[in-house]
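A.B. asks: This is the content of my_file.cif (mmCIF, C-alpha atoms):
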```cif
data_model
loop_
_atom_site.label_atom_id
_atom_site.label_comp_id
_atom_site.auth_asym_id
_atom_site.auth_seq_id
_atom_site.Cartn_x
_atom_site.Cartn_y
_atom_site.Cartn_z
CA MET J 328 96.73 78.28 72.94
CA PHE J 329 95.34 79.57 69.63
CA ILE J 330 91.54 79.13 69.72
CA PRO J 331 89.76 80.39 66.59
CA LEU J 332 86.07 81.04 66.97
CA LYS J 333 83.60 78.59 65.49
CA ASN J 334 80.64 79.13 63.18
CA THR J 335 82.07 82.31 61.62
CA VAL J 336 83.77 83.21 58.38
CA ASN J 337 87.07 82.78 60.10
CA ARG J 338 90.32 84.11 58.67
CA ALA J 339 92.08 83.13 61.88
CA GLU J 340 91.95 79.44 60.95
CA THR J 341 94.17 80.04 57.91
CA PHE J 342 97.15 81.20 60.01
CA LYS J 343 99.75 79.06 61.73
CA SER J 344 99.87 81.19 64.87
CA LEU J 345 97.91 83.81 66.72
CA ALA J 346 100.76 86.29 66.24
CA ASP J 347 100.63 85.83 62.47
CA TYR J 348 96.87 86.30 62.45
CA MET J 349 96.90 89.44 64.59
CA ASN J 350 99.68 90.91 62.46
CA ALA J 351 97.54 90.30 59.36
CA VAL J 352 94.60 92.03 61.04
CA GLY J 353 96.81 95.01 61.79
CA VAL J 354 98.22 95.18 58.26
CA ALA J 355 94.71 95.01 56.76
CA ALA J 356 93.46 97.68 59.14
CA ARG J 357 96.33 100.01 58.28
CA GLN J 358 95.67 99.60 54.56
CA ALA J 359 91.95 100.18 55.03
CA ALA J 360 92.62 103.24 57.20
CA THR J 361 94.43 104.89 54.30
CA GLN J 362 91.36 104.49 52.09
CA VAL J 363 88.90 105.63 54.75
CA ALA J 364 91.06 108.67 55.59
CA ARG J 365 90.78 109.97 52.06
CA ALA J 366 87.08 109.14 51.59
CA ASP J 367 84.97 112.25 51.24
CA THR J 368 82.08 113.08 53.53
CA ALA J 369 79.41 111.92 51.08
CA VAL J 370 80.95 108.44 50.80
CA LYS J 371 81.27 108.04 54.57
CA ASN J 372 77.70 109.24 55.11
CA LYS J 373 76.45 106.82 52.45
CA ALA J 374 78.09 103.97 54.34
CA LEU J 375 76.67 105.12 57.66
CA MET J 376 73.12 105.38 56.33
CA ALA J 377 73.43 101.97 54.68
CA ILE J 378 74.67 100.44 57.96
CA ALA J 379 71.76 102.04 59.83
CA ASP J 380 69.28 100.68 57.28
CA ALA J 381 70.82 97.21 57.50
CA ILE J 382 70.61 97.21 61.31
CA ALA J 383 66.99 98.38 61.32
CA ARG J 384 66.06 95.83 58.65
CA SER J 385 67.86 93.04 60.52
CA GLU J 386 66.15 93.54 63.90
CA ASN J 387 64.84 89.99 64.09
CA VAL J 388 68.19 88.52 63.10
CA LEU J 389 69.98 90.63 65.72
CA LEU J 390 67.51 89.69 68.44
CA GLU J 391 67.80 86.00 67.60
CA ALA J 392 71.59 86.16 67.68
CA ASN J 393 71.50 88.06 70.97
CA ALA J 394 69.09 85.55 72.50
CA LEU J 395 71.68 82.81 71.91
CA ASP J 396 74.27 84.85 73.80
CA VAL J 397 71.89 85.68 76.65
CA ARG J 398 70.84 82.06 77.10
CA ALA J 399 74.48 80.95 77.16
CA ALA J 400 75.28 83.59 79.80
CA GLN J 401 72.30 82.54 81.92
CA LYS J 402 73.46 78.93 81.82
CA LYS J 403 76.79 80.12 83.19
CA ASN J 404 74.92 81.90 86.03
CA ALA J 405 76.03 85.37 84.97
CA ASP J 406 74.77 88.07 87.34
CA ALA J 407 71.87 90.41 86.59
CA ALA J 408 74.08 93.41 85.78
CA PHE J 409 76.03 91.36 83.24
CA ILE J 410 72.84 90.08 81.61
CA ASP J 411 71.51 93.64 81.46
CA ARG J 412 74.62 94.86 79.63
CA LEU J 413 74.50 91.90 77.23
CA THR J 414 70.81 92.06 76.32
CA LEU J 415 69.63 93.78 73.16
CA LYS J 416 66.03 95.01 72.95
CA PRO J 417 64.14 96.43 69.96
CA ILE J 418 64.45 99.96 71.34
CA MET J 419 68.24 99.52 71.63
CA ILE J 420 68.49 98.31 68.03
CA ALA J 421 66.45 101.33 66.93
CA THR J 422 68.77 103.55 68.98
CA MET J 423 71.83 102.01 67.32
CA ALA J 424 70.39 102.78 63.89
CA GLU J 425 69.37 106.29 64.92
CA GLY J 426 72.81 106.90 66.40
CA LEU J 427 74.40 106.04 63.05
CA ARG J 428 72.03 108.37 61.24
CA GLN J 429 72.90 111.14 63.68
CA ILE J 430 76.59 110.54 63.07
CA ALA J 431 75.93 110.89 59.34
CA ALA J 432 74.15 114.19 60.00
CA LEU J 433 77.04 115.63 62.01
CA SER J 434 79.64 117.89 60.46
CA ASP J 435 82.66 115.99 59.24
CA PRO J 436 85.60 117.05 61.41
CA ILE J 437 88.24 115.78 59.00
CA GLY J 438 90.08 118.51 57.13
CA ALA J 439 88.64 121.32 59.26
CA ILE J 440 91.18 124.14 59.73
CA SER J 441 91.18 126.22 62.90
CA ASP J 442 93.21 128.94 64.58
CA LEU J 443 94.67 130.18 61.30
CA ALA J 444 96.82 133.21 62.08
CA LEU J 445 99.09 135.45 60.01
CA ARG J 446 102.65 135.63 61.34
CA PRO J 447 105.04 138.58 60.88
CA SER J 448 106.97 136.54 58.28
CA GLY J 449 103.88 136.43 56.09
CA ILE J 450 103.13 132.73 56.61
CA GLN J 451 99.77 131.62 57.94
CA VAL J 452 99.88 129.03 60.73
CA GLY J 453 96.91 126.92 61.82
CA LYS J 454 95.73 123.43 62.70
CA MET J 455 93.95 120.80 60.62
CA ARG J 456 91.88 118.00 62.12
CA VAL J 457 92.93 114.55 60.88
CA PRO J 458 92.10 110.89 61.69
CA LEU J 459 93.95 109.00 64.40
CA GLY J 460 94.40 106.05 62.02
CA VAL J 461 93.59 102.59 63.39
CA ILE J 462 91.65 102.28 66.62
CA GLY J 463 91.39 99.08 68.64
CA ILE J 464 88.22 98.65 70.68
CA ILE J 465 88.28 96.01 73.42
CA TYR J 466 84.94 95.42 75.09
CA GLU J 467 82.94 92.82 76.92
CA ALA J 468 79.19 92.45 77.17
CA ARG J 469 77.79 95.42 75.26
CA PRO J 470 77.01 94.41 71.67
CA ASN J 471 75.74 97.91 70.82
CA VAL J 472 79.38 99.06 71.11
CA THR J 473 80.04 97.25 67.83
CA ALA J 474 77.77 99.56 65.82
CA ASP J 475 78.67 102.72 67.75
CA ALA J 476 82.41 102.14 67.42
CA ALA J 477 82.28 101.26 63.75
CA GLY J 478 80.12 104.30 62.93
CA LEU J 479 82.15 106.83 64.87
CA CYS J 480 85.50 105.52 63.66
CA LEU J 481 84.26 105.56 60.06
CA LYS J 482 82.97 109.15 60.17
CA ALA J 483 86.23 110.27 61.82
CA GLY J 484 88.20 108.67 58.98
CA ASN J 485 89.61 105.74 60.96
CA ALA J 486 89.71 101.97 60.61
CA VAL J 487 88.68 99.94 63.66
CA VAL J 488 89.63 96.54 65.06
CA LEU J 489 86.88 95.20 67.31
CA ARG J 490 87.74 92.68 69.98
CA GLY J 491 84.42 91.92 71.66
CA GLY J 492 83.94 89.44 74.45
CA SER J 493 83.17 85.83 73.64
CA GLU J 494 79.93 86.19 75.64
CA ALA J 495 78.53 88.44 72.87
CA LEU J 496 79.97 86.50 69.94
CA ASN J 497 76.72 85.88 68.05
CA SER J 498 75.45 89.41 68.59
CA ASN J 499 78.69 91.05 67.49
CA HIS J 500 78.99 89.03 64.30
CA ALA J 501 75.39 89.76 63.36
CA ILE J 502 75.97 93.50 63.83
CA VAL J 503 79.28 93.45 61.95
CA ALA J 504 77.54 91.76 59.02
CA CYS J 505 75.37 94.90 58.82
CA VAL J 506 78.45 97.11 59.04
CA HIS J 507 80.13 95.26 56.19
CA GLU J 508 77.00 95.56 54.07
CA GLY J 509 77.06 99.33 54.51
CA LEU J 510 80.77 99.56 53.70
CA ARG J 511 80.26 97.58 50.51
CA VAL J 512 77.37 99.82 49.45
CA ALA J 513 79.67 102.85 49.74
CA GLY J 514 82.61 101.19 48.03
CA LEU J 515 84.77 101.16 51.16
CA PRO J 516 86.87 98.17 52.29
CA GLU J 517 85.31 95.74 54.74
CA ASP J 518 88.64 95.68 56.59
CA ALA J 519 87.80 99.18 57.81
CA ALA J 520 85.83 97.35 60.54
CA GLN J 521 87.27 93.99 61.57
CA VAL J 522 86.22 91.63 64.34
CA VAL J 523 89.02 89.59 65.90
CA ASP J 524 88.08 85.99 65.07
CA THR J 525 89.48 84.28 68.13
CA ALA J 526 88.49 83.85 71.77
CA ASP J 527 92.13 83.52 72.80
CA ARG J 528 92.83 86.19 75.42
CA GLU J 529 96.37 86.62 74.19
CA ALA J 530 94.88 88.34 71.16
CA VAL J 531 94.22 91.30 73.47
CA GLY J 532 97.86 91.34 74.54
CA LEU J 533 99.04 91.34 70.94
CA LEU J 534 96.57 94.06 69.97
CA ILE J 535 97.52 96.47 72.74
CA ARG J 536 101.24 96.04 72.01
CA ASP J 537 100.94 96.46 68.23
CA GLU J 538 102.51 99.90 67.90
CA ALA J 539 103.18 99.32 64.20
CA HIS J 540 99.50 99.09 63.24
CA ILE J 541 97.30 100.33 66.12
CA ASP J 542 97.26 104.02 67.03
CA VAL J 543 94.85 104.09 70.00
CA ILE J 544 93.17 101.50 72.22
CA VAL J 545 89.74 102.12 73.74
CA PRO J 546 88.76 99.54 76.39
CA ARG J 547 85.08 99.15 77.28
CA GLY J 548 84.52 96.79 80.18
CA GLY J 549 85.10 96.00 83.81
CA LYS J 550 87.81 97.35 86.05
CA THR J 551 89.95 94.21 85.77
CA LEU J 552 90.03 94.40 81.98
CA ILE J 553 90.87 98.10 81.92
CA GLU J 554 93.55 97.78 84.60
CA ARG J 555 95.20 94.98 82.63
CA ILE J 556 95.16 96.99 79.41
CA SER J 557 96.46 100.12 81.13
CA ALA J 558 99.33 98.16 82.68
CA GLU J 559 100.36 96.18 79.59
CA ALA J 560 99.59 98.47 76.64
CA LYS J 561 102.32 100.04 74.55
CA VAL J 562 99.67 101.74 72.43
CA PRO J 563 98.03 104.89 73.97
CA VAL J 564 94.81 104.11 75.87
CA ILE J 565 91.60 106.17 76.24
CA LYS J 566 90.05 104.79 79.39
CA HIS J 567 88.08 105.06 82.58
CA LEU J 568 88.40 102.62 85.46
CA ASP J 569 85.24 103.28 87.48
CA GLY J 570 81.95 105.09 87.33
CA VAL J 571 81.50 106.12 90.97
CA CYS J 572 78.94 108.83 90.23
CA HIS J 573 77.35 111.14 92.80
CA VAL J 574 74.22 113.24 93.12
CA TYR J 575 74.41 115.96 95.77
CA ILE J 576 71.09 117.39 97.00
CA ASP J 577 71.79 120.89 98.27
CA ASP J 578 69.78 122.56 101.03
CA ASP J 579 68.45 124.97 98.38
CA ALA J 580 67.19 122.14 96.17
CA ASP J 581 63.67 121.98 94.79
CA LEU J 582 62.21 118.93 96.53
CA GLU J 583 60.30 117.62 93.51
CA LYS J 584 63.34 117.96 91.24
CA ALA J 585 65.59 116.33 93.82
CA ILE J 586 63.37 113.27 94.20
CA ARG J 587 62.88 112.86 90.46
CA ILE J 588 66.58 113.22 89.66
CA ALA J 589 67.84 111.01 92.49
CA ASP J 590 65.34 108.31 91.54
CA ASN J 591 66.22 108.38 87.83
CA ALA J 592 69.98 108.60 88.36
CA LYS J 593 69.89 105.31 90.27
CA THR J 594 66.97 103.27 88.96
CA GLN J 595 66.61 104.14 85.27
CA ARG J 596 69.26 101.50 84.60
CA TYR J 597 71.54 99.83 87.11
CA GLY J 598 74.35 98.38 85.02
CA THR J 599 75.79 101.53 83.40
CA CYS J 600 78.87 103.56 84.26
CA ASN J 601 76.85 106.80 84.59
CA THR J 602 74.41 105.41 87.16
CA MET J 603 74.54 107.15 90.55
CA GLU J 604 76.28 105.02 93.17
CA THR J 605 76.38 107.51 96.09
CA LEU J 606 73.73 110.02 97.13
CA LEU J 607 74.92 113.00 99.18
CA VAL J 608 72.29 115.08 100.98
CA HIS J 609 72.69 118.36 102.87
CA GLN J 610 71.81 117.98 106.55
CA ASN J 611 69.17 120.74 106.39
CA ILE J 612 67.10 118.99 103.72
CA ALA J 613 67.85 115.36 104.58
CA PRO J 614 64.87 114.88 106.97
CA THR J 615 62.54 116.11 104.22
CA VAL J 616 63.94 114.39 101.15
CA LEU J 617 65.29 111.06 102.41
CA PRO J 618 62.02 109.43 103.64
CA PRO J 619 60.14 109.78 100.32
CA LEU J 620 63.24 108.76 98.38
CA ALA J 621 63.73 105.72 100.61
CA LYS J 622 60.14 104.70 99.95
CA ILE J 623 60.69 104.92 96.19
CA TYR J 624 63.93 102.95 96.38
CA GLN J 625 62.34 100.31 98.60
CA SER J 626 59.48 99.86 96.12
CA LYS J 627 62.07 99.20 93.39
CA GLY J 628 64.16 96.80 95.42
CA VAL J 629 67.16 99.10 95.96
CA GLU J 630 69.26 98.32 99.02
CA LEU J 631 70.32 101.48 100.88
CA ARG J 632 73.59 101.66 102.81
CA GLY J 633 73.75 104.83 104.85
CA CYS J 634 75.92 106.77 107.24
CA ALA J 635 74.85 107.12 110.88
CA ARG J 636 72.90 110.35 110.28
CA ALA J 637 71.13 108.90 107.24
CA ARG J 638 70.12 105.82 109.25
CA MET J 639 68.69 107.99 112.02
CA ILE J 640 66.31 109.48 109.45
CA VAL J 641 65.62 106.16 107.64
CA PRO J 642 66.22 103.35 110.19
CA THR J 643 65.68 100.61 107.60
CA MET J 644 68.95 101.49 105.86
CA ASN J 645 71.88 99.15 106.29
CA GLU J 646 75.13 100.53 107.64
CA ALA J 647 77.55 101.87 105.04
CA LYS J 648 81.14 100.68 105.34
CA GLU J 649 84.20 102.59 104.15
CA ASP J 650 84.34 100.54 100.95
CA ASP J 651 80.79 101.54 100.05
CA TRP J 652 81.85 105.12 99.35
CA ARG J 653 84.23 103.84 96.65
CA ALA J 654 81.95 101.15 95.22
CA GLU J 655 80.71 100.99 91.66
CA TYR J 656 77.84 98.61 92.37
CA LEU J 657 76.30 98.34 88.89
CA ALA J 658 73.38 96.90 90.85
CA PRO J 659 70.35 98.03 92.90
CA ILE J 660 72.50 99.19 95.82
CA LEU J 661 72.99 102.83 96.83
CA ALA J 662 75.30 104.46 99.38
CA VAL J 663 73.76 107.46 101.18
CA ARG J 664 75.59 110.11 103.19
CA VAL J 665 74.30 113.21 104.96
CA VAL J 666 76.83 116.04 104.70
CA ASP J 667 77.24 119.31 106.61
CA SER J 668 77.72 121.57 103.61
CA LEU J 669 78.51 122.00 99.93
CA ASP J 670 82.18 122.04 100.90
CA GLN J 671 81.90 118.62 102.50
CA ALA J 672 80.04 117.25 99.47
CA ILE J 673 82.80 118.47 97.13
CA GLU J 674 85.45 117.04 99.46
CA HIS J 675 83.67 113.67 99.52
CA ILE J 676 83.51 113.54 95.71
CA ALA J 677 87.18 114.50 95.41
CA HIS J 678 88.21 111.80 97.89
CA TYR J 679 85.98 108.91 96.84
CA GLY J 680 84.88 109.70 93.29
CA SER J 681 86.28 108.45 90.00
CA GLN J 682 86.10 111.73 88.00
CA HIS J 683 83.33 110.32 85.83
CA THR J 684 80.00 112.14 86.37
CA ASP J 685 78.68 114.11 89.34
CA ALA J 686 75.56 116.26 89.74
CA ILE J 687 74.17 118.89 92.09
CA VAL J 688 70.48 119.58 92.64
CA SER J 689 70.13 123.19 93.76
CA GLU J 690 68.25 126.41 93.04
CA ASN J 691 71.19 128.39 94.45
CA TYR J 692 73.11 129.85 91.50
CA THR J 693 76.29 130.44 93.52
CA ALA J 694 76.32 126.89 94.89
CA ALA J 695 75.71 125.45 91.44
CA GLN J 696 78.51 127.48 89.90
CA ARG J 697 80.92 126.45 92.66
CA PHE J 698 80.03 122.81 92.05
CA LEU J 699 80.63 123.18 88.30
CA ARG J 700 84.02 124.84 88.84
CA GLU J 701 85.35 122.79 91.72
CA VAL J 702 84.24 119.21 91.00
CA ASP J 703 87.00 117.75 88.84
CA SER J 704 85.04 115.20 86.81
CA SER J 705 84.67 114.59 83.10
CA SER J 706 80.97 115.56 83.30
CA VAL J 707 79.54 117.88 85.96
CA MET J 708 75.81 118.59 86.01
CA VAL J 709 73.28 120.95 87.58
CA ASN J 710 69.69 119.78 88.11
CA ALA J 711 69.95 116.78 85.79
CA SER J 712 70.33 113.02 86.14
CA THR J 713 73.80 111.54 85.79
CA ARG J 714 72.27 109.15 83.25
CA PHE J 715 72.58 111.96 80.67
CA ALA J 716 76.37 111.48 80.58
CA ASP J 717 76.15 109.73 77.26
CA GLY J 718 77.29 110.52 73.74
CA PHE J 719 73.84 110.13 72.23
CA GLU J 720 72.33 112.50 74.81
CA TYR J 721 75.18 114.99 74.32
CA GLY J 722 74.41 115.22 70.62
CA LEU J 723 77.48 113.26 69.53
CA GLY J 724 75.31 110.75 67.65
CA ALA J 725 76.90 107.95 69.63
CA GLU J 726 79.97 107.47 71.76
CA ILE J 727 82.89 105.14 71.72
CA GLY J 728 83.25 105.35 75.49
CA ILE J 729 83.53 107.78 78.37
CA SER J 730 87.03 108.90 79.16
CA THR J 731 88.26 110.12 82.52
CA ASN J 732 91.66 110.87 80.98
CA LYS J 733 92.75 114.49 81.13
CA LEU J 734 94.79 114.35 77.94
CA HIS J 735 93.37 114.20 74.42
CA ALA J 736 89.74 113.25 75.16
CA ARG J 737 87.59 113.61 78.27
CA GLY J 738 83.98 112.61 78.92
CA PRO J 739 81.90 110.94 76.18
CA VAL J 740 84.22 110.35 73.24
CA GLY J 741 82.57 111.20 69.94
CA LEU J 742 83.94 112.28 66.58
CA GLU J 743 86.46 114.88 67.73
CA GLY J 744 87.81 112.49 70.36
CA LEU J 745 88.67 110.09 67.54
CA THR J 746 90.72 112.67 65.66
CA THR J 747 93.88 114.64 66.29
CA GLN J 748 95.30 117.85 64.88
CA LYS J 749 98.40 118.68 62.91
CA TRP J 750 99.99 122.05 62.32
CA ILE J 751 99.70 123.46 58.83
CA VAL J 752 101.58 126.38 57.32
CA LEU J 753 100.37 128.34 54.28
CA GLY J 754 103.00 130.40 52.55
CA SER J 755 103.56 132.32 49.34
CA GLY J 756 107.26 131.71 48.84
CA GLN J 757 108.59 132.83 52.24
CA ILE J 758 112.04 131.66 53.34
CA ARG J 759 113.61 132.07 56.74
CA GLY J 760 116.50 134.45 56.98
#
```
Any chance you could put this one into structure tokens?
C.D. replies:
Amino acid sequence: MFIPLKNTVNRAETFKSLADYMNAVGVAARQAATQVARADTAVKNKALMAIADAIARSENVLLEANALDVRAAQKKNADAAFIDRLTLKPIMIATMAEGLRQIAALSDPIGAISDLALRPSGIQVGKMRVPLGVIGIIYEARPNVTADAAGLCLKAGNAVVLRGGSEALNSNHAIVACVHEGLRVAGLPEDAAQVVDTADREAVGLLIRDEAHIDVIVPRGGKTLIERISAEAKVPVIKHLDGVCHVYIDDDADLEKAIRIADNAKTQRYGTCNTMETLLVHQNIAPTVLPPLAKIYQSKGVELRGCARARMIVPTMNEAKEDDWRAEYLAPILAVRVVDSLDQAIEHIAHYGSQHTDAIVSENYTAAQRFLREVDSSSVMVNASTRFADGFEYGLGAEIGISTNKLHARGPVGLEGLTTQKWIVLGSGQIRG
């Protein structure tokens, strides 16, 4: 059933069918992408700065719109993790604006030539970085994705089609109004950033199969959404399914660092994909580090589910089941395992992890280097919280998502992840004999 959204400037209502509407969105996006691709850096930066200014200036409007969404979600008894992902706060709005300004300050990747080499024939062969074209973003309860996605896609020379969840409808439209204001200021087409104006779930199916107009799909949401998109999409997908992140406390760890990092990695924010879900502790340091950590977690309401050895040290822990080692809780729950060695920690991560983000706390250089080399995740850290696995923290200005793919883009996807390269050849009249 075709269900256009209400209370919006709604192009969807003018079409006879959902298929016709989604085709029109794709056509408009493709046309806008051509204009954005040839826009120079100054024009794109002007748009980004204008969007940032509009977002900062519209804080009250954005908070009011978001409050409507949050209240609606609460009435539907949405869980705490969902509400956390949905909620905008003044600091988050300021971060959105700052992220856009940082994107404007970054070097423009488009047109950059690399690996230029002279061949025996006299031609020069290299690669030029170019936009992907039209990017479809499908996301659920994170309204800040709207600004991040629009900003990154714009700077990388792409158009973007945003299909946010109906639970963030008011928030997303308020943010997109700011995006459109910035595009107008810079003389760029508003269709460079479109919101799909329907709550009909089949719109997602049409978007991910639209090979004629969409070049890449980036899903941001729960495992069910991403699994569906991965199974049904004809368009290439940049994705991650889970964020089962680990912190391993080595026997050569600094105790103060270990406690601070393990606390922050779990409790700084529960509902994010880079939050630690399993704590691994070397058997030699476990009796020293687990009791004070357990006390901190208990004071913050974190439920601990431990292996037998962990529960011998902290008897108040609940028993961890097999499924706990694979769980992405997105909640104040933490699995804890005592391991024999670095080898066993690496084996555990390889078996149960999701190749997202994993960290070691150790003062042993050799152990840290082994962990960096051998843990096959998109982000691997030494003596730092997993919560740093984020485009803003990596200096990307913002991110469009975190990819656990091994092809094209991996880890936080910033500007370069939204571009591709083509071969270029520079000659002076050469012909092939």
A.B. asks: Just say which residues the PyMOL selection byres ((chain J and resi 496-501) around 6) picks in this file, as number ranges by chain.
C.D. replies: J: 389, 392-393, 470, 493-495, 502-504
A.B. asks: Find the distance between CA of Gln362 in chain J and CA of Glu529 in chain J and write it in Å to one decimal.
C.D. replies: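 Separation of CA of Gln362 in chain J and CA of Glu529 in chain J: 28.9 Å.
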A.B. asks: J:Ile420, J:Val608, J:Leu445, J:Met349: which is nearest Arg384 in chain J, counting all atoms listed in the file?
C.D. replies: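 Distance minimum relative to Arg384 in chain J lands on J:Ile420.
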A.B. asks: May I have the residues within 8 Å of Ala589 in chain J as a VMD selection string, using only C-alpha atoms and disregarding those fewer than 2 positions away in the same chain?
C.D. replies: chain J and resid 574 585 to 587 591 to 593 603 606 620 712
A.B. asks: Work out how far apart CA of Ser689 in chain J and CA of Asn645 in chain J are and give it in Å to one decimal.
C.D. replies: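 Here the two named atoms are 27.2 Å from each other.
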A.B. asks: Which residues come within 6 Å of Ile751 in chain J, counting only C-alpha atoms, excluding same-chain residues fewer than 5 positions away, as a PyMOL selection string?
C.D. replies: chain J and resi 452-454
A.B. asks: Write out as number ranges by chain each polymer residue whose atoms come within 9 Å of range 515-526 of chain J, counting all atoms listed in the file; drop sequence neighbours fewer than 3 positions from it.
C.D. replies: J: 329-333, 335-340, 345, 349, 352, 355-360, 362-363, 366, 370-371, 374, 461, 477, 480-481, 485-493, 499-500, 503, 506-512, 529-530
A.B. asks: Taking the file as shown, find all residues satisfying the PyMOL selection byres ((chain J and resi 637) around 10) and write them as a compact mmCIF listing (two decimals) with C-alpha atoms, keeping the file's coordinate frame.
C.D. replies:
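The file below, out.txt, is the result:
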```txt
# COMPACT_ATOMS: atom_id res chain seq x y z
CA LEU J 607 74.92 113.00 99.18
CA VAL J 608 72.29 115.08 100.98
CA GLN J 610 71.81 117.98 106.55
CA ALA J 613 67.85 115.36 104.58
CA PRO J 614 64.87 114.88 106.97
CA LEU J 617 65.29 111.06 102.41
CA PRO J 618 62.02 109.43 103.64
CA LEU J 631 70.32 101.48 100.88
CA ARG J 632 73.59 101.66 102.81
CA GLY J 633 73.75 104.83 104.85
CA CYS J 634 75.92 106.77 107.24
CA ALA J 635 74.85 107.12 110.88
CA ARG J 636 72.90 110.35 110.28
CA ARG J 638 70.12 105.82 109.25
CA MET J 639 68.69 107.99 112.02
CA ILE J 640 66.31 109.48 109.45
CA VAL J 641 65.62 106.16 107.64
CA PRO J 642 66.22 103.35 110.19
CA THR J 643 65.68 100.61 107.60
CA MET J 644 68.95 101.49 105.86
CA ASN J 645 71.88 99.15 106.29
CA GLU J 646 75.13 100.53 107.64
CA ALA J 647 77.55 101.87 105.04
CA ALA J 662 75.30 104.46 99.38
CA VAL J 663 73.76 107.46 101.18
CA ARG J 664 75.59 110.11 103.19
CA VAL J 665 74.30 113.21 104.96
CA VAL J 666 76.83 116.04 104.70
```
A.B. asks: Name the residues that the PyMOL selection byres ((chain J and resi 565) around 6) pulls out of this structure, and write them as a PyMOL selection string.
C.D. replies: chain J and resi 545+564+566
A.B. asks: CA of Thr615 in chain J to CA of Arg700 in chain J: how many Å, to one decimal?
C.D. replies: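 Atom-to-atom, CA of Thr615 in chain J to CA of Arg700 in chain J, that is 27.8 Å.
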A.B. asks: Which residue, J:Val688, J:Ala381, J:Leu415, J:Leu459, has the smallest gap to Ala364 in chain J when you use only C-alpha atoms?
C.D. replies: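 Checking each candidate against Ala364 in chain J, we get J:Leu459 as the closest.
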A.B. asks: Please provide as a count of residues only all residues within 12 Å of Ile758 in chain J, with the sequence filter that same-chain residues fewer than 2 positions apart are discarded (counting only C-alpha atoms).
C.D. replies: 7
A.B. asks: Counting all atoms listed in the file, which residues come within 8 Å of (83.2, 105.1, 82.1), with the point read in the file's coordinates, and could you list them as a PyMOL selection string?
C.D. replies: chain J and resi 547+566-570+600-601+683+728-731
A.B. asks: For the point (73.8, 96.1, 80.1) in file coordinates, what residues are within 9 Å, counting all atoms listed in the file? Give the answer as a PyMOL selection string?
C.D. replies: chain J and resi 407-415+468-469+596-599
A.B. asks: Nearest to Asn691 in chain J among J:Gly741, J:Ala654, J:Asp581, J:Met376, with distances taken over only C-alpha atoms: which residue is it?
C.D. replies: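 Closest residue, counting only C-alpha atoms: J:Asp581.
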